[in-house]
Amino acid sequence: MPRTQRNDNFIDKSFTVMADLILKVFPASRKEKEAFAYYRDGMSAQAEGEYAEALENYQEALTLEEDDNDRSYILYNMGLIHASNGEHDIALDYYHQAVELNPRLPQALNNIAVILHYKGEKAKDEGQDTESEAFFDNAADYWKRAILLAPNNYIEAQNWLKTTGRSTMDVYF
């Protein structure tokens, strides 16, 4: 049974009904509508913690979706799943692919920075100071890009950049 027929709470049912109505009236090709249905089912499965099912749906959506902007969000969500499973290198690959398709995706830039910062902390704990600083500098570059796109977000990153001397840029909200 398709995931859209299994939604059992009001919000999921409402979202599904609205999405189905939009799909019916929106001028899109059958392929585009099918890609969106897989993406929607992937988001639903991901929200329920059904990561394997979500990845299957996202992979199918990715094979059907032709729009780079939409593909970037699919790749971003795939990165989220791998990051939440501790598969940081795989997540980084998906985030980089998402940013390559859509350089104005601050959440992907932020998540790349978070993983690089985590790797920097691990390297620091292991006494690998040179590697640690390289990870931190790389993380700083990605956070700066994310902050320029979304200046009201990533306040902790902004504070970290300033307190570590990795940025002197002032962001005005």
# chains A, B, ... in the order shown; residues from 1 in each chain; ligands from 1

$ residues_around --residues "Lys162 in chain A" --least-positions-apart "5" --cutoff "12 Å" --atoms "only C-alpha atoms" --output "VMD selection string"
chain A and resid 140 143 to 144 155 to 157 167 to 171

$ residues_around --residues "range 113-115 of chain A" --least-positions-apart "4" --cutoff "7 Å" --atoms "only C-alpha atoms" --output "PyMOL selection string"
chain A and resi 88+109+119+139-140+142-143

$ residues_around --residues "Tyr73 in chain A" --least-positions-apart "3" --cutoff "10 Å" --atoms "only C-alpha atoms" --output "JSON, numbers by chain"
{"A": [39, 58, 62, 68, 69, 70, 76, 77, 78, 79, 95, 98, 99, 101, 102, 105, 108]}

$ select_by_dssp --residues "range 40-165 of chain A" --states "alpha helix (DSSP H)" --output "PyMOL selection string"
chain A and resi 40-47+51-64+68-84+88-101+106-125+129-149+155-163
